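Engineer: Got run-v9.txt for you, compact mmCIF, C-alpha atoms:
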```
# COMPACT_ATOMS: atom_id res chain seq x y z
CA MET A 13 -22.66 24.54 180.13
CA LEU A 14 -21.52 21.87 182.57
CA PHE A 15 -20.31 18.43 181.57
CA GLY A 16 -20.29 15.53 184.00
CA VAL A 17 -19.67 17.67 187.08
CA SER A 18 -19.76 15.56 190.24
CA PHE A 19 -18.77 16.68 193.75
CA SER A 20 -19.94 16.73 197.36
CA LEU A 21 -19.56 18.82 200.50
CA ALA A 22 -19.33 17.34 203.96
CA ARG A 23 -21.01 19.04 206.88
CA SER A 24 -18.85 21.89 208.30
CA GLU A 25 -16.60 21.86 205.23
CA THR A 26 -15.63 24.86 203.13
CA VAL A 27 -14.99 24.26 199.42
CA ALA A 28 -13.67 26.88 197.01
CA LEU A 29 -15.01 26.80 193.45
CA LEU A 30 -12.42 28.34 191.15
CA GLY A 31 -12.00 29.00 187.46
CA ALA A 32 -11.69 31.74 184.87
CA ASN A 33 -14.65 33.76 183.61
CA GLY A 34 -16.95 31.51 181.61
CA ALA A 35 -15.70 28.32 183.23
CA GLY A 36 -19.18 27.42 184.51
CA LYS A 37 -19.04 28.57 188.15
CA THR A 38 -22.22 30.65 188.04
CA THR A 39 -24.01 27.95 186.05
CA LEU A 40 -23.15 25.46 188.78
CA LEU A 41 -24.42 27.77 191.53
CA ARG A 42 -27.64 28.42 189.61
CA THR A 43 -28.12 24.68 189.20
CA LEU A 44 -27.59 24.09 192.91
CA GLY A 45 -30.02 26.90 193.74
CA GLY A 46 -32.76 25.63 191.43
CA LEU A 47 -32.62 28.42 188.85
CA LEU A 48 -31.36 25.94 186.25
CA MET A 49 -32.33 22.29 185.86
CA PRO A 50 -29.70 19.67 184.98
CA THR A 51 -30.29 17.71 181.78
CA ASP A 52 -28.81 14.68 183.51
CA GLY A 53 -27.87 13.68 187.04
CA SER A 54 -29.13 14.90 190.41
CA VAL A 55 -28.71 17.46 193.20
CA ARG A 56 -29.03 16.26 196.80
CA LEU A 57 -29.12 18.01 200.16
CA GLU A 58 -28.69 15.82 203.24
CA ALA A 59 -29.31 12.77 201.01
CA LYS A 60 -32.67 14.19 199.87
CA ASN A 61 -33.11 14.51 196.11
CA ILE A 62 -33.91 18.16 195.37
CA THR A 63 -33.06 18.11 191.66
CA PHE A 64 -36.42 19.48 190.55
CA SER A 65 -37.37 21.37 193.70
CA GLU A 66 -38.23 25.07 193.47
CA PRO A 67 -35.67 27.60 194.75
CA GLU A 68 -38.02 28.47 197.63
CA THR A 69 -38.09 24.83 198.72
CA ARG A 70 -34.31 24.66 198.72
CA PHE A 71 -34.14 27.87 200.72
CA LYS A 72 -36.49 26.48 203.35
CA ALA A 73 -34.39 23.32 203.48
CA GLY A 74 -31.36 25.43 204.40
CA MET A 75 -29.60 26.16 201.10
CA VAL A 76 -29.04 29.92 201.07
CA GLN A 77 -27.08 31.92 198.50
CA LEU A 78 -25.29 35.25 198.73
CA ARG A 79 -25.25 36.44 195.14
CA GLY A 80 -22.48 38.51 193.64
CA GLY A 81 -22.91 42.26 193.39
CA GLU A 82 -25.34 44.45 195.32
CA GLY A 83 -27.39 42.46 197.83
CA THR A 84 -28.78 45.22 200.04
CA PHE A 85 -31.58 47.80 199.91
CA ALA A 86 -29.75 51.10 199.46
CA ALA A 87 -32.47 53.39 200.81
CA LEU A 88 -33.10 51.36 203.98
CA SER A 89 -31.06 51.64 207.14
CA VAL A 90 -28.72 48.85 208.16
CA GLY A 91 -31.18 47.78 210.84
CA ASP A 92 -34.11 47.80 208.43
CA ASN A 93 -32.10 45.75 205.93
CA LEU A 94 -31.54 43.11 208.60
CA ARG A 95 -35.22 43.11 209.54
CA ALA A 96 -36.35 43.06 205.90
CA ALA A 97 -34.29 39.94 205.26
CA LEU A 98 -36.46 38.06 207.76
CA ILE A 99 -39.84 39.21 206.47
CA GLY A 100 -41.90 36.12 205.83
CA ALA A 101 -39.76 33.92 208.07
CA GLY A 102 -42.55 33.70 210.66
CA LEU A 103 -40.30 34.58 213.57
CA ARG A 104 -41.33 36.28 216.79
CA ARG A 105 -39.75 39.65 217.60
CA ALA A 106 -37.50 38.06 220.21
CA GLU A 107 -36.23 35.57 217.63
CA VAL A 108 -35.56 38.34 215.11
CA LEU A 109 -33.54 40.26 217.70
CA GLU A 110 -31.64 37.11 218.65
CA ARG A 111 -30.61 36.43 215.06
CA GLN A 112 -29.71 40.06 214.50
CA GLY A 113 -27.49 39.90 217.58
CA GLU A 114 -25.76 36.79 216.21
CA VAL A 115 -24.73 38.44 212.95
CA LEU A 116 -23.74 41.73 214.57
CA ALA A 117 -21.34 39.74 216.75
CA VAL A 118 -19.68 38.56 213.52
CA PHE A 119 -19.74 42.06 212.00
CA PRO A 120 -19.37 44.53 214.89
CA ALA A 121 -18.75 47.40 212.44
CA LEU A 122 -22.40 47.13 211.39
CA ALA A 123 -23.62 47.47 214.97
CA GLU A 124 -22.31 51.04 214.95
CA ARG A 125 -24.19 51.87 211.73
CA LEU A 126 -27.68 50.45 212.39
CA ALA A 127 -29.42 53.79 211.77
CA ASP A 128 -27.40 54.69 208.65
CA PRO A 129 -28.76 54.07 205.12
CA ALA A 130 -27.05 51.19 203.38
CA ARG A 131 -26.05 53.53 200.55
CA ASP A 132 -23.78 55.42 202.98
CA LEU A 133 -21.73 52.32 203.75
CA SER A 134 -18.47 51.50 202.04
CA GLY A 135 -18.44 48.73 199.45
CA GLY A 136 -16.96 46.32 201.95
CA GLN A 137 -19.52 47.22 204.61
CA ARG A 138 -22.36 46.69 202.13
CA GLN A 139 -20.98 43.25 201.37
CA MET A 140 -20.80 42.57 205.11
CA LEU A 141 -24.42 43.64 205.43
CA ALA A 142 -25.49 41.40 202.53
CA LEU A 143 -23.72 38.47 204.17
CA ALA A 144 -25.25 39.29 207.56
CA MET A 145 -28.72 39.33 205.97
CA VAL A 146 -28.40 35.78 204.66
CA LEU A 147 -26.67 34.48 207.81
CA GLN A 148 -29.74 35.42 209.83
CA HIS A 149 -31.46 32.45 208.18
CA ARG A 150 -28.92 30.10 209.79
CA PRO A 151 -28.23 28.24 206.54
CA GLU A 152 -27.27 24.58 206.47
CA LEU A 153 -25.36 25.27 203.26
CA LEU A 154 -24.15 28.76 202.38
CA LEU A 155 -23.38 29.48 198.71
CA ILE A 156 -21.23 32.60 198.24
CA ASP A 157 -20.73 34.11 194.80
CA GLU A 158 -17.75 36.48 194.28
CA LEU A 159 -17.57 37.96 197.78
CA SER A 160 -14.44 40.01 197.02
CA LEU A 161 -15.52 41.36 193.62
CA GLY A 162 -14.47 45.00 193.22
CA LEU A 163 -13.28 45.41 196.81
CA ALA A 164 -9.98 46.80 198.05
CA PRO A 165 -7.48 44.25 199.43
CA ILE A 166 -7.75 45.57 203.00
CA VAL A 167 -11.54 45.11 202.90
CA VAL A 168 -11.15 41.62 201.45
CA GLN A 169 -8.95 40.66 204.39
CA GLU A 170 -11.62 41.85 206.80
CA LEU A 171 -14.24 39.75 205.02
CA LEU A 172 -11.87 36.80 205.03
CA GLY A 173 -11.64 37.11 208.80
CA ALA A 174 -15.43 36.96 209.08
CA LEU A 175 -15.62 33.90 206.84
CA ALA A 176 -12.87 32.22 208.86
CA GLN A 177 -14.98 32.81 211.96
CA LEU A 178 -17.97 31.19 210.25
CA ARG A 179 -15.80 28.25 209.29
CA GLU A 180 -14.69 27.83 212.91
CA GLN A 181 -18.36 27.83 213.91
CA GLY A 182 -18.90 24.81 211.65
CA ARG A 183 -20.69 26.53 208.78
CA THR A 184 -20.82 24.55 205.52
CA MET A 185 -19.84 26.81 202.62
CA LEU A 186 -19.29 26.67 198.87
CA VAL A 187 -17.37 29.79 197.88
CA VAL A 188 -17.04 30.99 194.28
CA GLU A 189 -14.09 33.33 194.14
CA GLN A 190 -11.74 34.92 191.59
CA SER A 191 -9.10 35.61 194.23
CA VAL A 192 -7.13 32.37 194.46
CA SER A 193 -5.20 33.44 197.57
CA LEU A 194 -8.40 34.33 199.43
CA ALA A 195 -10.08 31.09 198.44
CA LEU A 196 -7.15 28.87 199.39
CA ASP A 197 -6.66 30.66 202.72
CA LEU A 198 -10.27 29.93 203.57
CA ALA A 199 -11.17 26.56 202.06
CA ASP A 200 -10.52 22.99 203.14
CA ARG A 201 -10.74 21.82 199.54
CA ALA A 202 -10.76 23.47 196.12
CA MET A 203 -12.37 22.55 192.82
CA PHE A 204 -11.32 24.00 189.47
CA LEU A 205 -13.71 24.30 186.55
CA GLU A 206 -12.53 24.79 182.99
CA ASN A 207 -14.95 24.90 180.05
CA GLY A 208 -17.69 23.36 182.17
CA ARG A 209 -15.59 20.44 183.40
CA VAL A 210 -13.83 19.72 186.68
CA VAL A 211 -10.07 19.65 185.98
CA PHE A 212 -8.93 19.55 189.60
CA GLU A 213 -10.42 18.63 192.96
CA GLY A 214 -8.33 18.26 196.08
CA ARG A 215 -6.96 19.82 199.24
CA SER A 216 -6.18 23.52 199.12
CA GLU A 217 -2.53 22.93 200.00
CA GLU A 218 -2.20 20.58 197.03
CA LEU A 219 -3.54 23.22 194.67
CA ARG A 220 -0.99 25.75 195.92
CA GLN A 221 1.69 23.54 194.35
CA ARG A 222 -0.04 23.39 190.95
CA ASP A 223 1.41 26.44 189.20
CA ASP A 224 0.60 24.88 185.83
CA LEU A 225 -3.08 24.67 186.66
CA LEU A 226 -3.25 28.17 188.11
CA ARG A 227 -1.59 29.62 185.01
CA ALA A 228 -3.91 27.70 182.69
CA ALA A 229 -7.04 28.86 184.48
CA PHE A 230 -6.17 32.51 185.10
CA LEU A 231 -3.45 33.48 182.65
CA GLY A 232 -4.69 31.78 179.49
CA GLY A 233 -1.95 29.16 179.40
CA PRO A 234 -2.17 25.66 177.92
CA GLU A 235 -4.99 23.38 178.97
CA ALA A 236 -4.46 21.79 182.37
CA PRO A 237 -4.62 18.03 182.93
CA THR A 238 -7.55 16.76 183.32
CA ALA A 239 -23.54 17.99 203.28
CA ALA A 240 -24.52 18.61 199.50
CA SER A 241 -23.75 16.97 196.23
CA VAL A 242 -24.34 17.51 192.55
CA GLN A 243 -23.82 15.09 189.70
CA GLY A 244 -24.61 15.48 186.04
CA THR A 245 -24.84 17.97 183.20
CA ALA A 246 -26.54 21.35 182.93
CA GLU A 247 -27.09 24.06 180.36
CA PRO A 248 -27.09 27.82 181.11
```
Once more with this new file: its structure as structure tokens, please.
Structural biologist:
Amino acid sequence: MLFGVSFSLARSETVALLGANGAGKTTLLRTLGGLLMPTDGSVRLEAKNITFSEPETRFKAGMVQLRGGEGTFAALSVGDNLRAALIGAGLRRAEVLERQGEVLAVFPALAERLADPARDLSGGQRQMLALAMVLQHRPELLLIDELSLGLAPIVVQELLGALAQLREQGRTMLVVEQSVSLALDLADRAMFLENGRVVFEGRSEELRQRDDLLRAAFLGGPEAPTAASVQGTAEP
């Protein structure tokens, strides 16, 4: 559950959403994406109230989520995965190729594997492909859930480089991440959830100095002191 969570993202800003397992991170993402409805408060995108809009409506408005775990079609080739992600988008062939070219410029390793089945990629490459698939939609707000989950550190660094490139391009991102170092290297601001409540919100550099809060959230220590926006309460 979430209790009185209120925050906002400015255009071109990257915010890291941190917290231990069960803190409410996934509940918050599901509420933003329209899979859960808040019992109080509102969700807004570009000042438009989308609190009770369907997930499809939010997607069309530019709110796109990369979910944690497997986000590709294992039996399809890399190229077919990219094309499948745009089925139903109503784009001409030239537009599809243009968007594919944009994401392959961010992930050049995928350009060399277009004919290979997704199941033959490494875990990190599959995560790159999943991210490339959603980036083709040119999201106004990109929600990323556990990008580094289960990946080797060297792969995580490669993904971090791609996200840094997106940040430099002015992409607005909310990143849910267990890796504190990755999140703070990437984000302009960070927000900590604990038991469904925000216990910290501020600049990433400020959070680096809060050893007490980091220990409380990730090592089971004592309770810490207490473009889009969300405000209110939600139940899982």
Engineer: Pick out the residues sitting within 10 Å of region 165-169 of chain A, and hand them over as an MDAnalysis selection string; count all atoms listed in the file, and ignore anything fewer than 5 positions along from it in its own chain.
Structural biologist: chainID A and resid 134:137 139:140 159:160 174:175 191 194
Engineer: Pick out the residues sitting within 12 Å of region 179-184 of chain A, and hand them over as an MDAnalysis selection string; count all atoms listed in the file, and ignore anything fewer than 4 positions along from it in its own chain.
Structural biologist: chainID A and resid 20:28 57:58 74:77 114 118 147 150:156 172:175 197:200 239:240
Engineer: Between CA of Gly100 (chain A) and CA of Phe71 (chain A), what is the distance, to one decimal in Å?
Structural biologist: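 If I compute the distance from CA of Gly100 (chain A) to CA of Phe71 (chain A), I get 12.4 Å.
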Engineer: Kindly give the distance, in Å, that separates CA of Leu178 (chain A) and CA of Gln148 (chain A), rounded to a single decimal.
Structural biologist: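 Computed distance, CA of Leu178 (chain A) to CA of Gln148 (chain A), equals 12.5 Å.
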Engineer: When you count all atoms listed in the file, which of these residues is closest to Thr38 (chain A): A:Leu186, A:Val115, A:Leu171, A:Ile62?
Structural biologist: A:Leu186
Engineer: Env of region 205-222 of chain A: 6 Å cut, atoms = only C-alpha atoms, seq-sep filter 3 positions within chain, self excluded. Answer as a PyMOL selection string.
Structural biologist: chain A and resi 13-15+31+35-36+196+200-202+225+238
Engineer: How close does each residue of region 61-155 of chain A get to region 47-52 of chain A, giving the shortest atom pair and distance in Å to one decimal for every residue with an atom at most 9 Å away, counting all atoms listed in the file, sorted by chain and residue number, as a Markdown table?
Structural biologist:
```
| residue | atom | partner | partner_atom | distance |
| --- | --- | --- | --- | --- |
| A:Thr63 | CA | A:Met49 | CA | 7.2 |
| A:Phe64 | CA | A:Met49 | CA | 6.8 |
| A:Glu66 | CA | A:Leu47 | CA | 8.0 |
| A:Pro67 | CA | A:Leu47 | CA | 6.7 |
```
Engineer: Between CA of Asp224 (chain A) and CA of Leu41 (chain A), what distance in Å does the model show, to one decimal?
Structural biologist: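 Result for CA of Asp224 (chain A) versus CA of Leu41 (chain A): 25.8 Å, one decimal.
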Engineer: Counting all atoms listed in the file, what is within 12 Å of Ala130 (chain A), bar same-chain residues fewer than 5 positions away, as a list in words?
Structural biologist: Glu82, Gly83, Thr84, Phe85, Ala86, Ala87, Leu88, Ser89, Val90, Gly91, Asp92, Asn93, Leu94, Leu122, Arg125, Gly135, Gly136, Gln137, Arg138, Gln139, Met140, Leu141 and Ala142 of chain A
Engineer: Could you check the closest approach to Gln177 (chain A) for each of A:Val108, A:Phe119, A:Pro129, A:Glu189 and tell me which residue wins, using all atoms listed in the file?
Structural biologist: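 Of the candidates, the smallest distance to Gln177 (chain A) is held by A:Phe119.
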Engineer: Which one is closest to Ala96 (chain A): A:Leu116, A:Val146, A:Val187, A:Leu78? Count all atoms listed in the file.
Structural biologist: A:Val146
Engineer: Provide region 179-190 of chain A rebuilt to all heavy atoms, formatted as a PDB file, in the coordinates of the input.
Structural biologist:
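Writing the result to selection-v6.pdb gives the following:
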```
ATOM      1  N   ARG A 179     -16.352  29.594 209.467  1.00  0.00           N
ATOM      2  CA  ARG A 179     -15.800  28.250 209.290  1.00  0.00           C
ATOM      3  C   ARG A 179     -15.540  27.598 210.639  1.00  0.00           C
ATOM      4  O   ARG A 179     -15.841  26.410 210.840  1.00  0.00           O
ATOM      5  CB  ARG A 179     -14.517  28.340 208.465  1.00  0.00           C
ATOM      6  CG  ARG A 179     -13.828  27.011 208.218  1.00  0.00           C
ATOM      7  CD  ARG A 179     -12.506  27.225 207.506  1.00  0.00           C
ATOM      8  NE  ARG A 179     -11.770  26.003 207.345  1.00  0.00           N
ATOM      9  CZ  ARG A 179     -10.525  25.928 206.899  1.00  0.00           C
ATOM     10  NH1 ARG A 179      -9.881  27.038 206.570  1.00  0.00           N
ATOM     11  NH2 ARG A 179      -9.911  24.771 206.779  1.00  0.00           N
ATOM     12  N   GLU A 180     -14.972  28.357 211.578  1.00  0.00           N
ATOM     13  CA  GLU A 180     -14.690  27.830 212.910  1.00  0.00           C
ATOM     14  C   GLU A 180     -15.983  27.451 213.634  1.00  0.00           C
ATOM     15  O   GLU A 180     -15.985  26.548 214.480  1.00  0.00           O
ATOM     16  CB  GLU A 180     -13.900  28.849 213.719  1.00  0.00           C
ATOM     17  CG  GLU A 180     -12.482  29.078 213.208  1.00  0.00           C
ATOM     18  CD  GLU A 180     -11.793  30.236 213.900  1.00  0.00           C
ATOM     19  OE1 GLU A 180     -12.434  30.839 214.796  1.00  0.00           O
ATOM     20  OE2 GLU A 180     -10.636  30.540 213.548  1.00  0.00           O
ATOM     21  N   GLN A 181     -17.064  28.130 213.298  1.00  0.00           N
ATOM     22  CA  GLN A 181     -18.360  27.830 213.910  1.00  0.00           C
ATOM     23  C   GLN A 181     -19.003  26.577 213.300  1.00  0.00           C
ATOM     24  O   GLN A 181     -20.054  26.135 213.749  1.00  0.00           O
ATOM     25  CB  GLN A 181     -19.306  29.014 213.730  1.00  0.00           C
ATOM     26  CG  GLN A 181     -18.907  30.247 214.519  1.00  0.00           C
ATOM     27  CD  GLN A 181     -19.757  31.461 214.189  1.00  0.00           C
ATOM     28  OE1 GLN A 181     -20.645  31.400 213.334  1.00  0.00           O
ATOM     29  NE2 GLN A 181     -19.493  32.572 214.856  1.00  0.00           N
ATOM     30  N   GLY A 182     -18.377  26.019 212.261  1.00  0.00           N
ATOM     31  CA  GLY A 182     -18.900  24.810 211.650  1.00  0.00           C
ATOM     32  C   GLY A 182     -19.851  25.036 210.494  1.00  0.00           C
ATOM     33  O   GLY A 182     -20.581  24.128 210.107  1.00  0.00           O
ATOM     34  N   ARG A 183     -19.816  26.237 209.913  1.00  0.00           N
ATOM     35  CA  ARG A 183     -20.690  26.530 208.780  1.00  0.00           C
ATOM     36  C   ARG A 183     -20.212  25.788 207.530  1.00  0.00           C
ATOM     37  O   ARG A 183     -19.025  25.723 207.248  1.00  0.00           O
ATOM     38  CB  ARG A 183     -20.691  28.029 208.495  1.00  0.00           C
ATOM     39  CG  ARG A 183     -21.757  28.499 207.528  1.00  0.00           C
ATOM     40  CD  ARG A 183     -23.088  28.618 208.192  1.00  0.00           C
ATOM     41  NE  ARG A 183     -23.068  29.585 209.298  1.00  0.00           N
ATOM     42  CZ  ARG A 183     -24.128  29.879 210.040  1.00  0.00           C
ATOM     43  NH1 ARG A 183     -25.272  29.281 209.809  1.00  0.00           N
ATOM     44  NH2 ARG A 183     -24.036  30.764 211.023  1.00  0.00           N
ATOM     45  N   THR A 184     -21.143  25.213 206.784  1.00  0.00           N
ATOM     46  CA  THR A 184     -20.820  24.550 205.520  1.00  0.00           C
ATOM     47  C   THR A 184     -20.944  25.569 204.403  1.00  0.00           C
ATOM     48  O   THR A 184     -21.990  26.190 204.239  1.00  0.00           O
ATOM     49  CB  THR A 184     -21.774  23.366 205.259  1.00  0.00           C
ATOM     50  OG1 THR A 184     -21.762  22.488 206.383  1.00  0.00           O
ATOM     51  CG2 THR A 184     -21.360  22.599 204.014  1.00  0.00           C
ATOM     52  N   MET A 185     -19.858  25.740 203.616  1.00  0.00           N
ATOM     53  CA  MET A 185     -19.840  26.810 202.620  1.00  0.00           C
ATOM     54  C   MET A 185     -19.233  26.345 201.305  1.00  0.00           C
ATOM     55  O   MET A 185     -18.238  25.625 201.291  1.00  0.00           O
ATOM     56  CB  MET A 185     -19.044  28.010 203.146  1.00  0.00           C
ATOM     57  CG  MET A 185     -19.631  28.664 204.383  1.00  0.00           C
ATOM     58  SD  MET A 185     -18.707  30.147 204.910  1.00  0.00           S
ATOM     59  CE  MET A 185     -17.235  29.372 205.636  1.00  0.00           C
ATOM     60  N   LEU A 186     -19.848  26.791 200.213  1.00  0.00           N
ATOM     61  CA  LEU A 186     -19.290  26.670 198.870  1.00  0.00           C
ATOM     62  C   LEU A 186     -19.035  28.092 198.397  1.00  0.00           C
ATOM     63  O   LEU A 186     -19.970  28.889 198.258  1.00  0.00           O
ATOM     64  CB  LEU A 186     -20.252  25.958 197.925  1.00  0.00           C
ATOM     65  CG  LEU A 186     -19.791  25.831 196.472  1.00  0.00           C
ATOM     66  CD1 LEU A 186     -18.529  24.991 196.372  1.00  0.00           C
ATOM     67  CD2 LEU A 186     -20.895  25.236 195.602  1.00  0.00           C
ATOM     68  N   VAL A 187     -17.766  28.425 198.162  1.00  0.00           N
ATOM     69  CA  VAL A 187     -17.370  29.790 197.880  1.00  0.00           C
ATOM     70  C   VAL A 187     -16.836  29.903 196.456  1.00  0.00           C
ATOM     71  O   VAL A 187     -15.826  29.280 196.113  1.00  0.00           O
ATOM     72  CB  VAL A 187     -16.293  30.276 198.876  1.00  0.00           C
ATOM     73  CG1 VAL A 187     -15.918  31.722 198.598  1.00  0.00           C
ATOM     74  CG2 VAL A 187     -16.781  30.109 200.314  1.00  0.00           C
ATOM     75  N   VAL A 188     -17.525  30.674 195.622  1.00  0.00           N
ATOM     76  CA  VAL A 188     -17.040  30.990 194.280  1.00  0.00           C
ATOM     77  C   VAL A 188     -16.214  32.254 194.375  1.00  0.00           C
ATOM     78  O   VAL A 188     -16.689  33.276 194.881  1.00  0.00           O
ATOM     79  CB  VAL A 188     -18.214  31.193 193.294  1.00  0.00           C
ATOM     80  CG1 VAL A 188     -17.710  31.691 191.950  1.00  0.00           C
ATOM     81  CG2 VAL A 188     -18.982  29.898 193.112  1.00  0.00           C
ATOM     82  N   GLU A 189     -14.986  32.201 193.906  1.00  0.00           N
ATOM     83  CA  GLU A 189     -14.090  33.330 194.140  1.00  0.00           C
ATOM     84  C   GLU A 189     -13.049  33.430 193.037  1.00  0.00           C
ATOM     85  O   GLU A 189     -12.502  32.424 192.585  1.00  0.00           O
ATOM     86  CB  GLU A 189     -13.401  33.142 195.501  1.00  0.00           C
ATOM     87  CG  GLU A 189     -12.532  34.283 195.936  1.00  0.00           C
ATOM     88  CD  GLU A 189     -13.235  35.615 195.896  1.00  0.00           C
ATOM     89  OE1 GLU A 189     -14.282  35.769 196.547  1.00  0.00           O
ATOM     90  OE2 GLU A 189     -12.731  36.501 195.179  1.00  0.00           O
ATOM     91  N   GLN A 190     -12.791  34.676 192.577  1.00  0.00           N
ATOM     92  CA  GLN A 190     -11.740  34.920 191.590  1.00  0.00           C
ATOM     93  C   GLN A 190     -10.375  35.025 192.253  1.00  0.00           C
ATOM     94  O   GLN A 190      -9.358  34.741 191.634  1.00  0.00           O
ATOM     95  CB  GLN A 190     -12.033  36.211 190.819  1.00  0.00           C
ATOM     96  CG  GLN A 190     -13.136  36.077 189.782  1.00  0.00           C
ATOM     97  CD  GLN A 190     -12.661  35.393 188.505  1.00  0.00           C
ATOM     98  OE1 GLN A 190     -11.558  34.892 188.440  1.00  0.00           O
ATOM     99  NE2 GLN A 190     -13.508  35.376 187.501  1.00  0.00           N
TER     100      GLN A 190
END
```
